[in-house]
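Text of the file data_23.csv, holding CSV, C-alpha atoms:
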```csv
chain,number,residue,atom,x,y,z
A,1,MET,CA,-45.3,3.5,-45.9
A,2,ARG,CA,-48.9,3.8,-46.9
A,3,PHE,CA,-51.3,6.4,-45.6
A,4,LEU,CA,-52.6,5.5,-42.1
A,5,GLU,CA,-50.6,2.2,-42.1
A,6,ARG,CA,-49.2,2.8,-38.6
A,7,GLU,CA,-52.6,3.9,-37.3
A,8,ARG,CA,-54.3,0.8,-38.6
A,9,ALA,CA,-51.5,-1.4,-37.2
A,10,THR,CA,-52.0,0.2,-33.8
A,11,VAL,CA,-55.7,-0.5,-33.9
A,12,ALA,CA,-55.0,-4.1,-35.0
A,13,LYS,CA,-52.6,-4.6,-32.0
A,14,LEU,CA,-54.7,-2.9,-29.3
A,15,LEU,CA,-58.3,-3.4,-30.5
A,16,PRO,CA,-58.3,-6.6,-32.6
A,17,GLY,CA,-60.9,-6.9,-35.2
A,18,LEU,CA,-62.2,-3.3,-34.9
A,19,ASP,CA,-60.8,-1.9,-38.1
A,20,GLU,CA,-62.0,-4.9,-40.1
A,21,SER,CA,-65.5,-4.6,-38.6
A,22,LEU,CA,-65.7,-0.9,-39.4
A,23,ARG,CA,-64.3,-1.4,-42.9
A,24,ALA,CA,-67.0,-3.9,-43.6
A,25,LEU,CA,-69.7,-1.3,-43.1
A,26,SER,CA,-70.6,1.7,-45.3
A,27,LEU,CA,-70.0,5.2,-44.1
A,28,MET,CA,-73.7,5.8,-44.1
A,29,GLU,CA,-74.3,2.8,-41.8
A,30,LEU,CA,-71.6,4.0,-39.4
A,31,GLU,CA,-72.8,7.6,-39.4
A,32,GLY,CA,-76.5,6.8,-39.2
A,33,PRO,CA,-78.8,6.9,-36.2
A,34,SER,CA,-78.6,3.1,-35.7
A,35,SER,CA,-74.8,2.9,-36.1
A,36,PRO,CA,-73.2,-0.2,-34.7
A,37,GLY,CA,-70.0,1.8,-34.1
A,38,ILE,CA,-70.1,2.1,-30.3
A,39,GLY,CA,-71.0,-1.6,-30.0
A,40,LEU,CA,-68.1,-2.6,-32.2
A,41,PHE,CA,-65.8,-0.3,-30.2
A,42,ARG,CA,-67.0,-1.9,-27.0
A,43,ASP,CA,-66.7,-5.4,-28.4
A,44,SER,CA,-63.0,-4.8,-29.2
A,45,GLY,CA,-62.1,-3.5,-25.8
A,46,GLY,CA,-61.9,0.1,-26.8
A,47,PRO,CA,-63.2,1.6,-23.5
A,48,GLY,CA,-60.1,0.4,-21.8
A,49,LEU,CA,-57.7,1.7,-24.4
A,50,LEU,CA,-56.0,4.2,-22.1
A,51,VAL,CA,-56.4,2.3,-18.8
A,52,PRO,CA,-53.3,0.7,-17.5
A,53,GLU,CA,-53.0,-3.1,-18.1
A,54,SER,CA,-52.8,-3.6,-14.3
A,55,TRP,CA,-56.4,-2.3,-14.1
A,56,GLN,CA,-57.7,-4.5,-16.9
A,57,GLY,CA,-57.1,-2.0,-19.7
A,58,ARG,CA,-55.1,-2.0,-22.9
A,59,GLY,CA,-52.3,0.2,-21.6
A,60,ALA,CA,-52.0,2.3,-24.7
A,61,THR,CA,-49.7,5.3,-24.7
A,62,ALA,CA,-50.8,8.7,-25.7
A,63,LEU,CA,-49.3,8.2,-29.2
A,64,ASP,CA,-51.1,4.9,-29.5
A,65,ALA,CA,-54.4,6.5,-28.6
A,66,LEU,CA,-53.8,9.3,-31.1
A,67,ARG,CA,-53.1,6.7,-33.8
A,68,VAL,CA,-56.3,4.8,-32.9
A,69,GLN,CA,-58.4,8.0,-33.0
A,70,ARG,CA,-57.0,8.9,-36.4
A,71,ALA,CA,-57.8,5.4,-37.7
A,72,LEU,CA,-61.3,5.5,-36.2
A,73,GLY,CA,-61.9,9.0,-37.7
A,74,SER,CA,-61.0,7.7,-41.1
A,75,ARG,CA,-63.6,5.0,-40.9
A,76,ALA,CA,-66.3,6.4,-38.6
A,77,PRO,CA,-65.9,10.1,-37.8
A,78,SER,CA,-68.7,10.2,-35.3
A,79,LEU,CA,-67.2,7.3,-33.4
A,80,ALA,CA,-63.9,9.1,-33.1
A,81,VAL,CA,-65.7,12.2,-31.8
A,82,ALA,CA,-68.0,10.2,-29.5
A,83,THR,CA,-65.1,8.4,-27.9
A,84,THR,CA,-62.7,11.4,-27.5
A,85,MET,CA,-64.2,12.6,-24.2
A,86,HIS,CA,-64.3,9.0,-22.9
A,87,HIS,CA,-60.6,8.6,-23.6
A,88,PHE,CA,-59.9,11.9,-22.0
A,89,SER,CA,-61.7,10.9,-18.8
A,90,MET,CA,-60.1,7.4,-18.7
A,91,ALA,CA,-56.6,8.9,-19.2
A,92,THR,CA,-57.3,11.5,-16.5
A,93,LEU,CA,-58.9,9.3,-13.8
A,94,PRO,CA,-55.9,7.2,-13.0
A,95,ALA,CA,-53.8,10.3,-12.5
A,96,LEU,CA,-56.3,11.6,-10.0
A,97,ILE,CA,-56.4,8.4,-7.9
A,98,THR,CA,-53.7,9.2,-5.4
A,99,ASP,CA,-54.7,7.2,-2.4
A,100,GLU,CA,-54.6,3.5,-1.6
A,101,GLY,CA,-58.4,3.3,-1.4
A,102,MET,CA,-60.7,1.5,-3.7
A,103,LYS,CA,-61.2,4.3,-6.3
A,104,TRP,CA,-59.1,2.3,-8.8
A,105,MET,CA,-62.0,-0.1,-9.0
A,106,LEU,CA,-64.0,2.5,-10.9
A,107,VAL,CA,-61.4,2.7,-13.7
A,108,GLU,CA,-60.9,-1.1,-13.7
A,109,GLY,CA,-64.7,-1.6,-13.8
A,110,VAL,CA,-65.2,0.6,-16.8
A,111,ALA,CA,-62.4,-1.1,-18.7
A,112,SER,CA,-63.3,-4.7,-17.8
A,113,ALA,CA,-67.0,-4.2,-18.5
A,114,ASN,CA,-66.3,-2.1,-21.7
A,115,GLN,CA,-68.4,0.8,-20.5
A,116,ILE,CA,-68.3,4.3,-21.9
A,117,VAL,CA,-67.8,7.3,-19.6
A,118,ALA,CA,-69.7,10.5,-20.4
A,119,SER,CA,-68.1,13.9,-20.7
A,120,GLY,CA,-68.3,14.7,-17.0
A,121,PHE,CA,-64.9,16.4,-17.0
A,122,ALA,CA,-66.0,18.7,-19.8
A,123,GLU,CA,-69.0,20.2,-18.0
A,124,GLU,CA,-68.6,23.9,-17.5
A,125,ARG,CA,-68.8,25.5,-14.1
A,126,PRO,CA,-67.9,29.1,-13.2
A,127,ASP,CA,-64.2,29.5,-12.4
A,128,GLY,CA,-63.7,25.8,-12.9
A,129,GLY,CA,-60.8,24.1,-14.5
A,130,ILE,CA,-60.2,20.8,-16.1
A,131,LEU,CA,-57.2,20.2,-13.8
A,132,SER,CA,-59.2,20.8,-10.7
A,133,PRO,CA,-62.3,18.7,-11.2
A,134,SER,CA,-65.2,18.6,-8.7
A,135,MET,CA,-66.4,15.2,-9.8
A,136,THR,CA,-66.5,12.4,-7.2
A,137,ALA,CA,-67.1,8.7,-7.5
A,138,THR,CA,-69.2,6.9,-4.9
A,139,GLU,CA,-69.7,3.2,-4.4
A,140,GLY,CA,-73.4,2.2,-4.4
A,141,PRO,CA,-75.1,-0.4,-2.3
A,142,THR,CA,-74.9,-3.1,-5.0
A,143,GLY,CA,-71.2,-2.5,-5.6
A,144,GLY,CA,-71.6,-0.3,-8.7
A,145,TRP,CA,-70.1,3.2,-8.9
A,146,SER,CA,-71.8,6.5,-9.7
A,147,ALA,CA,-70.3,9.9,-10.4
A,148,GLY,CA,-71.6,13.1,-8.9
```
Using structure tokens, write down the structure from this file.
Amino acid sequence: MRFLERERATVAKLLPGLDESLRALSLMELEGPSSPGIGLFRDSGGPGLLVPESWQGRGATALDALRVQRALGSRAPSLAVATTMHHFSMATLPALITDEGMKWMLVEGVASANQIVASGFAEERPDGGILSPSMTATEGPTGGWSAG
């Protein structure tokens, strides 16, 4: 087996075309201030990588996601870093949705619209913990969601 072969196969399966698109660009292009990396990631469905398929995501396992991140890091290190907190949030949010309300729509909306979630769960607060977040999601007047 060749180096990163499993990782690249996982990217090809879950995010078709992304590895080829990244490989076609130079490292300087991908790491520069006008990098197309995030756009390519979005175009391939990357934001929904860890979202369950039932919520319009790719349904990747933790091992799949790790392999994808390794492959991304080998092509575009800053893209791997930039998407790490997004993946953490998107893996955590479904676990926090415990009621039968409409909160699942936030996760589905992010996945289906290929949006990127900022690092809200990583924000420091005194005596806070990542497993006891204080973030909430609120539906806006036009049907969109905002976090606070």
So that I can see what lies close to range 22-37 of chain A, please list as a PDB file with C-alpha atoms, keeping the file's coordinate frame the residues with an atom at most 7 Å from it, counting only C-alpha atoms and leaving out residues fewer than 5 positions away in the same chain.
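Okay, this is what ended up in selection_17.pdb:
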```pdb
ATOM      1  CA  ARG A  75     -63.600   5.000 -40.900  1.00  0.00           C
ATOM      2  CA  ALA A  76     -66.300   6.400 -38.600  1.00  0.00           C
ATOM      3  CA  SER A  78     -68.700  10.200 -35.300  1.00  0.00           C
ATOM      4  CA  LEU A  79     -67.200   7.300 -33.400  1.00  0.00           C
TER       5      LEU A  79
END
```
Skipping near chain neighbours, those fewer than 4 positions away, what residues fall within 10 Å of Arg42 in chain A using only C-alpha atoms, listed as a list of chain:residue names?
A:Leu15, A:Leu18, A:Gly37, A:Ile38, A:Gly46, A:Pro47, A:Gly48, A:Ala111, A:Ala113, A:Asn114, A:Gln115, A:Ile116
note - CA of Lys103 in chain A and CA of Thr61 in chain A are separated by 21.7 Å
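With all atoms listed in the file as the atoms that count, the residue of A:Leu40, A:Val11, A:Gln56, A:Gln69 with the shortest distance to Thr83 in chain A is A:Gln69.
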Give as a ChimeraX atom specification every residue, naming chains and numbers as the document does, that has an atom within 10 Å of (-54.6, 1.7, -19.9), counting all atoms listed in the file.
/A:47-62,65,87,90-91,94,107-108,111
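Distance-wise, CA of Ser74 in chain A and CA of Ser112 in chain A end up 26.5 Å apart.
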